[in-house]
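Here the structure comes first, spelled out in structure tokens, and everything after it is commentary.
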Amino acid sequence: MSASPAPAAVFTAPSPRRPLTLQARLMAAVIGFVSLIVVIIAIITSATLGQTLEEGLRQQLLTNRDRVAQITTEQALLSHTVPTATNLLIGRSVPPGILLIIIAPDRTATGAVVGDDGTTTELTTQQMQQAGLAITENRGTTAISSLGSYQVTHDVLQTTQLLGGDVNIVVGLPREQIQRNIGALFTTIALTTFGGLILLALTTAITIRLGLRPLRAVAATATRVANQPLDRGAVQIQERVPLTEADPRTETGLVGAALNKLLDHVDASLAARQKNEERMRRFVADASHELRTPLTSIRGYSELSLRDTTLPETTHTALERIQAQSLRMTRLVEDLLLLARLDEGRELVHSAVDLSRLAVEAVADARPTAPDHSWNIELPDEPVIVTGDSGRLSQVIVNLLANARTHTPAGTQVTLRLERDKNTAVLRVHDDGPGIAPEHREELFARFARGDVSRARQTGGSGLGLAIVKAIVEGHSGTIRVDSEPDDTTFTVRLPLAPVETSDAEATPHRAADQ
């Protein structure tokens, strides 16, 4: 039995880090530089103060050493013996903590230290060795067991004639006070720095926030303008950056002033665009209206002429073509006139409309026009009532079914499905035809848009059917979208449902689900 392969490791890409705001970067830079400067100052100050205190302690140490040397010499002259360290320190005015070691010519050593309370204590052998090692290694400071850090020095007394050899003395003073002063200094600097950085952070945040307020005003104004529908209809941009935040004499105010100037230009451009659109719509409406009369006359004269049985066959054929093209031209003019009126917000008469009934009627009318297609309809149990123009909503359904019929081959299954989604009526027209190419979906609802090769009009349509559908749906505060893949194309229309009291006026719809 072969082992099953181990599952492949799943790698999850790390989410991108959120970028720091300008305020955060400025605060980090200011506080960082100030902290660095304060640390450098603290180090220099502590080093300088430490050197000064050490030098003062050394001067005091040298003074005490010279005094001890003088006393030791006097004692040797009087008694011709080397005094012990304890005898030299007892009863004398010496600084607390002073350490004294006396090494006689015969290399015997005695040591003593004066405590804070003035008592004199003899040094142990280990303590004396530690002090002597520092002198031997030429170190000015050393750590003495149980006593702490000391600064030490030594001197050699020339007593060979009196005692038969030289006397060495080692004198030390504690560095505890220096370390305490430096520690207190570091503590003071740390507390002062911490408090100063907090105060600096607050003042910097307030200053930067006030300084960036014009930029926030610019961003808020740009956001409000971006949320306005600028792609259609009469648009007037009233939003502007407040004059208090758009002072061109400041850097941030200059941005606000530039945005206000840009918005003025865009507002003027949109106004000019709206005037041009209105002028074009009026032209299309007027031209379409004026063309209806001569087209009607052409169709009437052609019909009248076709009644003449004495016409040659070629003339009869030409008149039939004239009549067919006049009918097609009339439909095109009617569509253009309808679009122009819809753009102006006209042509819609709102009332309670039962979409279920319109769907049943539209499918019933579509079956005879395309018996080679399979037509299905799916309706909810209750009527779907919306507020709108019954004739135009019926035209929406008819156009969508006609679009599916025209652009799909024989044997295609077309399904009209109607349902409710919360407060919205959802109408879907689905077919399993060849689908719509992705490059044509963007302009599918544009005027005079032609289908792609897979859904090309074989009858020479005008390309206004879906544009009319979109205009009618948007005139009813609805939306339309298309999702298309091979063997799966769906047009989805969403319309707001009518209030309950309005929908009660409609009758129960007829049902049909034949194929």
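Identifiers in this document derive from the order of the structure tokens: chains are assigned A, B, ..., residues are numbered from 1 separately in each chain, and ligands are numbered from 1 in order of occurrence.
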
Inset, instruction - List the neighbours of Val398 (chain A) out to 8 Å using only C-alpha atoms; skip same-chain residues closer than 4 positions along the sequence, and give me the result as a list in words. - result: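 Selected residues are Ala362, Ala366, Ser394 and Ala402 of chain A.
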
Inset, instruction - Select from region 96-341 of chain A everything DSSP, run on the backbone, classes as strand (DSSP E or B), then give the selection as an MDAnalysis selection string. - result: chainID A and resid 99:103 109:114 120:122 141:144 148:157 167:174

Using backbone DSSP assignments, extract all helix (DSSP H, G or I) residues from region 47-140 of chain A; output them as a compact mmCIF listing (two decimals) with N, CA, C and O atoms, in the first residue's frame.
```txt
# COMPACT_ATOMS: atom_id res chain seq x y z
N ALA A 47 29.19 62.58 32.58
CA ALA A 47 30.63 62.35 32.47
C ALA A 47 31.43 63.52 33.03
O ALA A 47 32.40 63.35 33.78
N THR A 48 30.99 64.73 32.70
CA THR A 48 31.69 65.92 33.19
C THR A 48 31.58 66.03 34.70
O THR A 48 32.57 66.31 35.41
N LEU A 49 30.35 65.83 35.23
CA LEU A 49 30.16 65.91 36.68
C LEU A 49 30.94 64.81 37.39
O LEU A 49 31.56 65.05 38.45
N GLY A 50 30.96 63.61 36.80
CA GLY A 50 31.71 62.51 37.41
C GLY A 50 33.20 62.83 37.48
O GLY A 50 33.85 62.58 38.51
N GLN A 51 33.73 63.37 36.40
CA GLN A 51 35.15 63.74 36.39
C GLN A 51 35.44 64.81 37.43
O GLN A 51 36.46 64.78 38.13
N THR A 52 34.53 65.78 37.52
CA THR A 52 34.73 66.86 38.50
C THR A 52 34.71 66.32 39.93
O THR A 52 35.57 66.68 40.77
N LEU A 53 33.73 65.46 40.22
CA LEU A 53 33.64 64.90 41.58
C LEU A 53 34.84 64.00 41.89
O LEU A 53 35.37 64.01 43.01
N GLU A 54 35.27 63.19 40.88
CA GLU A 54 36.44 62.34 41.10
C GLU A 54 37.69 63.17 41.34
O GLU A 54 38.53 62.83 42.20
N GLU A 55 37.82 64.26 40.61
CA GLU A 55 38.99 65.13 40.80
C GLU A 55 38.96 65.78 42.18
O GLU A 55 40.00 65.91 42.85
N GLY A 56 37.75 66.19 42.61
CA GLY A 56 37.65 66.77 43.97
C GLY A 56 37.99 65.76 45.04
O GLY A 56 38.66 66.08 46.03
N LEU A 57 37.51 64.51 44.85
CA LEU A 57 37.83 63.46 45.82
C LEU A 57 39.33 63.18 45.82
O LEU A 57 39.93 62.93 46.88
N ARG A 58 39.96 63.24 44.66
CA ARG A 58 41.40 62.98 44.58
C ARG A 58 42.19 64.05 45.30
O ARG A 58 43.16 63.75 46.01
N GLN A 59 41.77 65.29 45.14
CA GLN A 59 42.46 66.37 45.86
C GLN A 59 42.32 66.19 47.36
O GLN A 59 43.29 66.39 48.13
N GLN A 60 41.13 65.81 47.79
CA GLN A 60 40.92 65.56 49.22
C GLN A 60 41.77 64.38 49.68
O GLN A 60 42.34 64.39 50.79
N LEU A 61 41.86 63.35 48.81
CA LEU A 61 42.66 62.18 49.15
C LEU A 61 44.14 62.54 49.28
O LEU A 61 44.82 62.09 50.21
N LEU A 62 44.65 63.35 48.37
CA LEU A 62 46.06 63.76 48.44
C LEU A 62 46.33 64.58 49.68
O LEU A 62 47.40 64.44 50.33
N THR A 63 45.36 65.43 50.04
CA THR A 63 45.55 66.24 51.26
C THR A 63 45.64 65.34 52.50
O THR A 63 46.52 65.51 53.36
N ASN A 64 44.73 64.36 52.59
CA ASN A 64 44.75 63.46 53.73
C ASN A 64 46.01 62.58 53.72
O ASN A 64 46.57 62.24 54.78
N ARG A 65 46.45 62.19 52.51
CA ARG A 65 47.68 61.40 52.44
C ARG A 65 48.88 62.17 52.97
O ARG A 65 49.70 61.65 53.73
N ASP A 66 49.01 63.43 52.55
CA ASP A 66 50.13 64.25 53.02
C ASP A 66 50.05 64.43 54.53
O ASP A 66 51.09 64.43 55.24
N ARG A 67 48.84 64.60 55.05
CA ARG A 67 48.70 64.79 56.50
C ARG A 67 49.10 63.52 57.25
O ARG A 67 49.81 63.57 58.27
N VAL A 68 48.64 62.36 56.75
CA VAL A 68 48.99 61.08 57.38
C VAL A 68 50.50 60.86 57.30
O VAL A 68 51.14 60.37 58.26
N ALA A 69 51.10 61.18 56.17
CA ALA A 69 52.55 61.02 56.02
C ALA A 69 53.30 61.88 57.02
O ALA A 69 54.31 61.45 57.62
N GLN A 70 52.82 63.11 57.20
CA GLN A 70 53.48 64.00 58.15
C GLN A 70 53.38 63.45 59.58
O GLN A 70 54.36 63.44 60.34
N ILE A 71 52.18 62.99 59.95
CA ILE A 71 51.99 62.46 61.31
C ILE A 71 52.83 61.19 61.51
O ILE A 71 53.45 61.00 62.58
N THR A 72 52.83 60.35 60.49
CA THR A 72 53.62 59.12 60.60
C THR A 72 55.09 59.44 60.77
O THR A 72 55.81 58.80 61.57
N THR A 73 55.61 60.40 60.03
CA THR A 73 57.02 60.79 60.14
C THR A 73 57.32 61.33 61.53
O THR A 73 58.36 61.02 62.13
N GLU A 74 56.43 62.18 62.03
CA GLU A 74 56.63 62.74 63.38
C GLU A 74 56.65 61.63 64.42
O GLU A 74 57.49 61.64 65.36
N GLN A 75 55.73 60.66 64.33
CA GLN A 75 55.69 59.56 65.28
C GLN A 75 56.99 58.74 65.20
O GLN A 75 57.52 58.28 66.23
N ALA A 76 57.49 58.52 63.98
CA ALA A 76 58.72 57.74 63.83
C ALA A 76 59.92 58.46 64.45
O ALA A 76 60.81 57.84 65.04
N LEU A 77 59.96 59.79 64.31
CA LEU A 77 61.06 60.56 64.88
C LEU A 77 61.03 60.52 66.40
O LEU A 77 62.06 60.50 67.06
N LEU A 78 59.83 60.53 66.98
CA LEU A 78 59.72 60.57 68.43
C LEU A 78 59.97 59.20 69.06
O LEU A 78 60.64 59.09 70.10
N SER A 79 59.37 58.16 68.44
CA SER A 79 59.43 56.86 69.10
C SER A 79 60.35 55.87 68.42
O SER A 79 60.58 54.77 68.94
N ALA A 85 48.14 51.68 62.00
CA ALA A 85 47.10 52.49 61.36
C ALA A 85 46.02 52.86 62.36
O ALA A 85 45.49 53.99 62.32
N THR A 86 45.68 51.95 63.26
CA THR A 86 44.63 52.24 64.23
C THR A 86 45.05 53.38 65.14
O THR A 86 44.25 54.30 65.43
N ASN A 87 46.32 53.38 65.63
CA ASN A 87 46.80 54.44 66.53
C ASN A 87 46.80 55.79 65.83
O ASN A 87 46.54 56.83 66.47
N LEU A 88 47.10 55.80 64.53
CA LEU A 88 47.13 57.08 63.82
C LEU A 88 45.73 57.66 63.63
O LEU A 88 45.56 58.89 63.58
N LEU A 89 44.70 56.81 63.50
CA LEU A 89 43.37 57.32 63.21
C LEU A 89 42.56 57.63 64.46
O LEU A 89 41.69 58.53 64.43
N THR A 125 42.95 41.03 56.27
CA THR A 125 44.07 40.79 55.33
C THR A 125 43.58 40.89 53.88
O THR A 125 44.26 41.45 53.01
N GLN A 126 42.38 40.33 53.61
CA GLN A 126 41.84 40.39 52.24
C GLN A 126 41.61 41.83 51.82
O GLN A 126 41.93 42.20 50.68
N GLN A 127 41.08 42.65 52.71
CA GLN A 127 40.82 44.05 52.36
C GLN A 127 42.13 44.78 52.08
O GLN A 127 42.21 45.57 51.14
N MET A 128 43.13 44.51 52.87
CA MET A 128 44.43 45.18 52.64
C MET A 128 45.04 44.69 51.34
O MET A 128 45.68 45.48 50.61
N GLN A 129 44.89 43.41 51.02
CA GLN A 129 45.43 42.89 49.75
C GLN A 129 44.73 43.54 48.57
O GLN A 129 45.36 43.83 47.55
N GLN A 130 43.43 43.75 48.67
CA GLN A 130 42.69 44.39 47.57
C GLN A 130 43.18 45.81 47.34
O GLN A 130 43.35 46.24 46.19
N ALA A 131 43.41 46.56 48.40
CA ALA A 131 43.92 47.92 48.26
C ALA A 131 45.34 47.90 47.72
O ALA A 131 45.71 48.70 46.84
N GLY A 132 46.17 46.98 48.20
CA GLY A 132 47.54 46.90 47.71
C GLY A 132 47.61 46.50 46.27
O GLY A 132 48.46 46.98 45.51
N LEU A 133 46.74 45.59 45.82
CA LEU A 133 46.72 45.18 44.42
C LEU A 133 46.39 46.35 43.51
O LEU A 133 46.95 46.48 42.42
N ALA A 134 45.47 47.21 43.92
CA ALA A 134 45.14 48.39 43.12
C ALA A 134 46.34 49.30 42.96
O ALA A 134 46.59 49.87 41.89
N ILE A 135 47.16 49.45 44.05
CA ILE A 135 48.35 50.29 43.96
C ILE A 135 49.37 49.64 43.04
O ILE A 135 50.00 50.29 42.21
N THR A 136 49.52 48.33 43.18
CA THR A 136 50.49 47.61 42.34
C THR A 136 50.13 47.72 40.86
O THR A 136 51.01 47.91 40.01
```

Inset, instruction - Would you mind telling me which residue in A:Ala219, A:Ile101, A:Leu230, A:Val225 lies nearest to Glu245 (chain A) when using only C-alpha atoms? - result: A:Ala219

Legend entry - Surrounding residues of Arg224 (chain A) excluding itself and chain neighbours under 5 positions, 12 Å, only C-alpha atoms, as a PyMOL selection string: chain A and resi 217-219+229-230+237-241+263

Inset, instruction - Within 8 Å of Ser374 (chain A), counting only C-alpha atoms, which residues show up once you throw out same-chain ones fewer than 4 positions away? Write them as a ChimeraX atom specification, please. - result: /A:411-414,515

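Considering the residues A:Arg428, A:Arg328, A:His316, A:Arg392 and counting only C-alpha atoms, Asn376 (chain A) has its shortest atom-to-atom contact with A:Arg428.
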
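A straight line drawn from CA of Asn276 (chain A) to CA of Asp389 (chain A) is 28.6 Å long.
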